[in-house]
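So the structure is just underneath, and the comments pick up after that.
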Amino acid sequence: MVKIVDTIDLNKLYKDLVHPAAGGLCLFVGTVRDNTESKEVTDLFFETYDEMAILEMEKIRQEAIEKWKLEKVIMVHAIGKKSVGEPVVVVGVSSAHRKEAFPACQFLIDELKKTVPIWKKEYFTDNSHWVSPTP
Amino acid sequence: MVKIVDTIDLNKLYKDLVHPAAGGLCLFVGTVRDNTESKEVTDLFFETYDEMAILEMEKIRQEAIEKWKLEKVIMVHAIGKKSVGEPVVVVGVSSAHRKEAFPACQFLIDELKKTVPIWKKEYFTDNSHWVSPTP
Amino acid sequence: MVVIKAFGQVKEQVGMGEFRIEEEMQNVKSLRTYLSDKYPAISWSSVAIAVNKQYAQDQDPLHQGDEIALIPPVSGG
Amino acid sequence: MVVIKAFGQVKEQVGMGEFRIEEEMQNVKSLRTYLSDKYPAISWSSVAIAVNKQYAQDQDPLHQGDEIALIPPVSGG
């Protein structure tokens, strides 16, 4: 399941991810940090190219399913304005054995940050800018 | 925070784990699997030596804090009867950068399974037994 | 005619989230040349171009009605 | 006198979750010998012993009122 949402509810996502054949699940939740390169961040704003973001997330999801033995894989990104401490992205996998879960989950978030057309604007106390990740 | 609980609520645990200086958090959730060595499992029952389990989890938590740069670390285990698909354990960390989060979270669950005095009884359709992990 | 969607920083720089180009464009490279001429202030080398929701290369052809997206460095997560 | 708590499989095998031993025990090893004699059916080599909520070694001394726990292989998570 891949989705763009307004708000993230972990208990709901748990239900999407749990599977009778899975002994465990690994989740990564990206949250809004209060600083970037020592500047104080007040809010973030996320914008996406929805339809393409879904397609790119689905590609990553399929790649993970090919690389590891997984039961379920979810990728959910929030859009709009988010404040410090709020969840903005959740990726997660369930698998029979936990050995697969950790690298698979890390792969999802690493790839999401590389290719999925989502953009983040950082708001500071005095100004704002679109984030351009340094490679 | 380390805790023995009756039921696990991920949205509550998120609040315990999130930190303004953390950009992300990694969670591992252990769930009840429907089979073990190809026998069908109907339920699990968890018993703990509460006070010692808390002490052992706190040791693991401190070790993780020494090994990685983490903001918060939680270990929560449920007790009592749990059915297929229910969460039984959650370990998680929050950190400024996600690179630390994955190995730290895996360390928590690996160590928990080695030393924390918690026991699992598996119920099958016809009988039950206490699980004795093969090393 | 192609439809162009712009996002993030590029959207702010061109001043709109969606516009059309009526001129015929042979391929992605011709589009890049057109955009560089029209918006010289944007550093196009860091902007990816998607055609019909797939990342595209310079030599990929463009067709009437294609949905083009101007994709500045992504920063999700 | 020491208080003994038993858990999991061992609790079922000794038939109770808590009991006392009135005999003086010098150390964990003496306790192991005592338990092996009293409950020969239990495979004591796989049972860890905790004294006052800490894993203990054979040579660790026991004192009046210590809280002992019999810890079969753990299987949490």
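Following the order of the structure tokens, chains are lettered A, B, ..., residues in each are numbered from 1, and ligands are numbered from 1.
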Show me which bits of chain D are within 9 Å of chain B, counting only C-alpha atoms, as a JSON list (two decimals) with N, CA and C atoms, in the first residue's frame.
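Writing done, so here's result_9.json:
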[["chain", "number", "residue", "atom", "x", "y", "z"],
["D", 5, "LYS", "N", 11.53, -17.87, 43.31],
["D", 5, "LYS", "CA", 10.45, -17.65, 42.34],
["D", 5, "LYS", "C", 10.75, -18.51, 41.13],
["D", 7, "PHE", "N", 9.51, -19.56, 37.06],
["D", 7, "PHE", "CA", 8.79, -19.01, 35.93],
["D", 7, "PHE", "C", 8.67, -20.02, 34.80],
["D", 8, "GLY", "N", 7.72, -19.76, 33.92],
["D", 8, "GLY", "CA", 7.56, -20.52, 32.68],
["D", 8, "GLY", "C", 7.49, -22.01, 32.94],
["D", 9, "GLN", "N", 8.28, -22.74, 32.16],
["D", 9, "GLN", "CA", 8.27, -24.19, 32.22],
["D", 9, "GLN", "C", 8.66, -24.71, 33.61],
["D", 50, "ALA", "N", 18.90, -16.18, 39.07],
["D", 50, "ALA", "CA", 19.10, -14.76, 39.39],
["D", 50, "ALA", "C", 19.02, -14.61, 40.91],
["D", 52, "ASN", "N", 18.49, -11.66, 43.70],
["D", 52, "ASN", "CA", 18.05, -10.27, 43.85],
["D", 52, "ASN", "C", 17.97, -9.54, 42.50],
["D", 53, "LYS", "N", 17.38, -10.23, 41.55],
["D", 53, "LYS", "CA", 17.05, -9.67, 40.22],
["D", 53, "LYS", "C", 18.25, -9.43, 39.32],
["D", 54, "GLN", "N", 19.38, -10.10, 39.63],
["D", 54, "GLN", "CA", 20.54, -10.02, 38.74],
["D", 54, "GLN", "C", 20.98, -11.44, 38.42],
["D", 69, "ALA", "N", 15.58, -16.37, 41.62],
["D", 69, "ALA", "CA", 14.64, -16.69, 40.55],
["D", 69, "ALA", "C", 15.23, -17.79, 39.67],
["D", 71, "ILE", "N", 15.23, -19.26, 36.11],
["D", 71, "ILE", "CA", 14.95, -18.62, 34.82],
["D", 71, "ILE", "C", 15.22, -19.58, 33.67],
["D", 72, "PRO", "N", 14.18, -20.26, 33.19],
["D", 72, "PRO", "CA", 14.36, -21.11, 32.01],
["D", 72, "PRO", "C", 14.67, -20.23, 30.80],
["D", 73, "PRO", "N", 15.09, -20.84, 29.69],
["D", 73, "PRO", "CA", 15.44, -20.03, 28.52],
["D", 73, "PRO", "C", 14.36, -18.99, 28.21],
["D", 74, "VAL", "N", 14.77, -17.74, 28.09],
["D", 74, "VAL", "CA", 13.80, -16.67, 27.87],
["D", 74, "VAL", "C", 13.31, -16.70, 26.43],
["D", 75, "SER", "N", 12.09, -16.25, 26.21],
["D", 75, "SER", "CA", 11.50, -16.29, 24.86],
["D", 75, "SER", "C", 10.57, -15.10, 24.64],
["D", 76, "GLY", "N", 11.00, -13.94, 25.11],
["D", 76, "GLY", "CA", 10.21, -12.73, 24.91],
["D", 76, "GLY", "C", 10.29, -12.26, 23.46],
["D", 77, "GLY", "N", 9.48, -11.29, 23.15],
["D", 77, "GLY", "CA", 9.53, -10.67, 21.82],
["D", 77, "GLY", "C", 8.67, -11.38, 20.80]]
**Asked** Could you name the residues that touch segment 27-29 of chain C at 10 Å or less, counting only C-alpha atoms, but leaving out those on the same chain fewer than 4 positions away, as a PyMOL selection string?
**Response** chain C and resi 33-35+49-51+56-63+68
**Request:** May I ask for the distance between atom CA of Asp43 of chain B and atom CA of Lys82 of chain B, given in Å to one decimal place?
**Result:**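 For atom CA of Asp43 of chain B relative to atom CA of Lys82 of chain B, the distance reads 5.7 Å.
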**Asked** Contacts of Gln13 of chain D at 9 Å or less, counting only C-alpha atoms, minus same-chain residues fewer than 2 places along, as JSON, numbers by chain?
**Response** {"D": [8, 9, 10, 11, 15, 16, 39, 41, 42]}
Strand (DSSP E or B) positions in chain A, given as a PDB file with C-alpha atoms, in the first residue's frame:
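Saved to selection_22.pdb:
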ATOM      1  CA  VAL A   2       1.350   3.417  -0.985  1.00  0.00           C
ATOM      2  CA  LYS A   3      -0.521   6.596  -0.143  1.00  0.00           C
ATOM      3  CA  ILE A   4      -0.401  10.367   0.145  1.00  0.00           C
ATOM      4  CA  VAL A   5      -2.355  11.497   3.211  1.00  0.00           C
ATOM      5  CA  GLY A  24       7.341  -8.654  13.303  1.00  0.00           C
ATOM      6  CA  LEU A  25       7.350  -5.377  11.544  1.00  0.00           C
ATOM      7  CA  CYS A  26       9.793  -2.547  11.206  1.00  0.00           C
ATOM      8  CA  LEU A  27       8.615   1.027  10.776  1.00  0.00           C
ATOM      9  CA  PHE A  28      10.505   4.201  10.064  1.00  0.00           C
ATOM     10  CA  VAL A  29       8.691   7.424  10.874  1.00  0.00           C
ATOM     11  CA  GLY A  30      10.124  10.697   9.621  1.00  0.00           C
ATOM     12  CA  THR A  31       9.312  13.616  11.905  1.00  0.00           C
ATOM     13  CA  ASN A  35      16.595  22.670  13.410  1.00  0.00           C
ATOM     14  CA  THR A  36      18.572  22.308  10.215  1.00  0.00           C
ATOM     15  CA  LYS A  39      18.882  27.233  12.176  1.00  0.00           C
ATOM     16  CA  GLU A  40      15.642  26.965  14.118  1.00  0.00           C
ATOM     17  CA  VAL A  41      12.808  25.432  12.086  1.00  0.00           C
ATOM     18  CA  THR A  42       9.232  26.328  13.041  1.00  0.00           C
ATOM     19  CA  ASP A  43       7.245  24.371  10.424  1.00  0.00           C
ATOM     20  CA  LEU A  44       7.597  22.374   7.257  1.00  0.00           C
ATOM     21  CA  PHE A  45       5.362  22.449   4.237  1.00  0.00           C
ATOM     22  CA  PHE A  46       5.178  19.421   1.925  1.00  0.00           C
ATOM     23  CA  GLU A  47       4.067  19.521  -1.682  1.00  0.00           C
ATOM     24  CA  THR A  48       3.859  16.509  -3.993  1.00  0.00           C
ATOM     25  CA  LYS A  72       3.472  -6.450   3.490  1.00  0.00           C
ATOM     26  CA  VAL A  73       5.087  -3.154   2.555  1.00  0.00           C
ATOM     27  CA  ILE A  74       3.629   0.313   3.111  1.00  0.00           C
ATOM     28  CA  MET A  75       4.824   3.789   2.161  1.00  0.00           C
ATOM     29  CA  VAL A  76       2.756   6.745   3.320  1.00  0.00           C
ATOM     30  CA  HIS A  77       3.706  10.405   2.986  1.00  0.00           C
ATOM     31  CA  ALA A  78       1.836  13.343   4.449  1.00  0.00           C
ATOM     32  CA  GLY A  80       0.599  20.189   3.832  1.00  0.00           C
ATOM     33  CA  LYS A  81       1.932  22.085   6.806  1.00  0.00           C
ATOM     34  CA  LYS A  82       3.564  20.059   9.596  1.00  0.00           C
ATOM     35  CA  SER A  83       4.905  21.302  12.917  1.00  0.00           C
ATOM     36  CA  PRO A  87       5.044  12.566  11.602  1.00  0.00           C
ATOM     37  CA  VAL A  88       5.503  13.310   7.907  1.00  0.00           C
ATOM     38  CA  VAL A  89       6.346   9.938   6.408  1.00  0.00           C
ATOM     39  CA  VAL A  90       6.007   6.300   7.417  1.00  0.00           C
ATOM     40  CA  VAL A  91       7.558   3.373   5.621  1.00  0.00           C
ATOM     41  CA  GLY A  92       7.252  -0.127   6.977  1.00  0.00           C
ATOM     42  CA  VAL A  93       7.463  -3.814   6.253  1.00  0.00           C
ATOM     43  CA  SER A  94       6.228  -6.973   7.913  1.00  0.00           C
ATOM     44  CA  SER A  95       8.085 -10.260   7.546  1.00  0.00           C
ATOM     45  CA  ILE A 118       7.855  15.372  -2.919  1.00  0.00           C
ATOM     46  CA  TRP A 119       9.228  18.730  -1.837  1.00  0.00           C
ATOM     47  CA  LYS A 120       9.744  20.252   1.548  1.00  0.00           C
ATOM     48  CA  LYS A 121       9.764  23.958   2.369  1.00  0.00           C
ATOM     49  CA  GLU A 122      11.365  24.908   5.648  1.00  0.00           C
ATOM     50  CA  TYR A 123       9.946  27.813   7.630  1.00  0.00           C
ATOM     51  CA  PHE A 124      12.315  29.630   9.969  1.00  0.00           C
ATOM     52  CA  SER A 128      11.542  30.186   4.394  1.00  0.00           C
ATOM     53  CA  HIS A 129      13.137  28.161   1.612  1.00  0.00           C
ATOM     54  CA  TRP A 130      12.644  25.016  -0.444  1.00  0.00           C
TER      55      TRP A 130
END
**Asked** Counting only C-alpha atoms, what is within 7 Å of Ile21 of chain C, bar same-chain residues fewer than 2 positions away, as a PyMOL selection string?
**Response** chain C and resi 1-3+19+23
Could you turn the residues from that selection into a file that holds N, CA and C atoms, as an mmCIF file, in the first residue's frame?
data_model
loop_
_atom_site.group_PDB
_atom_site.id
_atom_site.type_symbol
_atom_site.label_atom_id
_atom_site.label_comp_id
_atom_site.auth_asym_id
_atom_site.auth_seq_id
_atom_site.Cartn_x
_atom_site.Cartn_y
_atom_site.Cartn_z
ATOM 1 N N MET C 1 1.361 21.002 -28.702
ATOM 2 C CA MET C 1 1.066 21.548 -27.361
ATOM 3 C C MET C 1 1.397 20.523 -26.277
ATOM 4 N N VAL C 2 2.101 20.974 -25.252
ATOM 5 C CA VAL C 2 2.298 20.110 -24.081
ATOM 6 C C VAL C 2 1.888 20.889 -22.826
ATOM 7 N N VAL C 3 1.459 20.129 -21.815
ATOM 8 C CA VAL C 3 1.090 20.734 -20.537
ATOM 9 C C VAL C 3 2.282 20.607 -19.594
ATOM 10 N N PHE C 19 1.247 25.385 -16.863
ATOM 11 C CA PHE C 19 1.112 26.226 -18.057
ATOM 12 C C PHE C 19 1.245 25.356 -19.300
ATOM 13 N N GLU C 23 4.321 25.690 -28.859
ATOM 14 C CA GLU C 23 5.336 25.309 -29.850
ATOM 15 C C GLU C 23 5.544 23.798 -29.891
#
**Asked** Can you list every residue in segment 37-83 of chain A that DSSP puts in alpha helix (DSSP H), as a count of residues only?
**Response** 18
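Here atom CA of Glu12 of chain C and atom CA of Pro40 of chain C stand 14.2 Å from one another.
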**Length of the atom CA of Glu111 of chain B to atom CA of Ala48 of chain D vector [Å]** =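 Separating atom CA of Glu111 of chain B from atom CA of Ala48 of chain D is a distance of 16.3 Å.
The nearest approach to chain B among the residues A:Asp16, A:Lys69, A:Asp126, A:Gln62, with only C-alpha atoms taken into account, belongs to A:Asp16.
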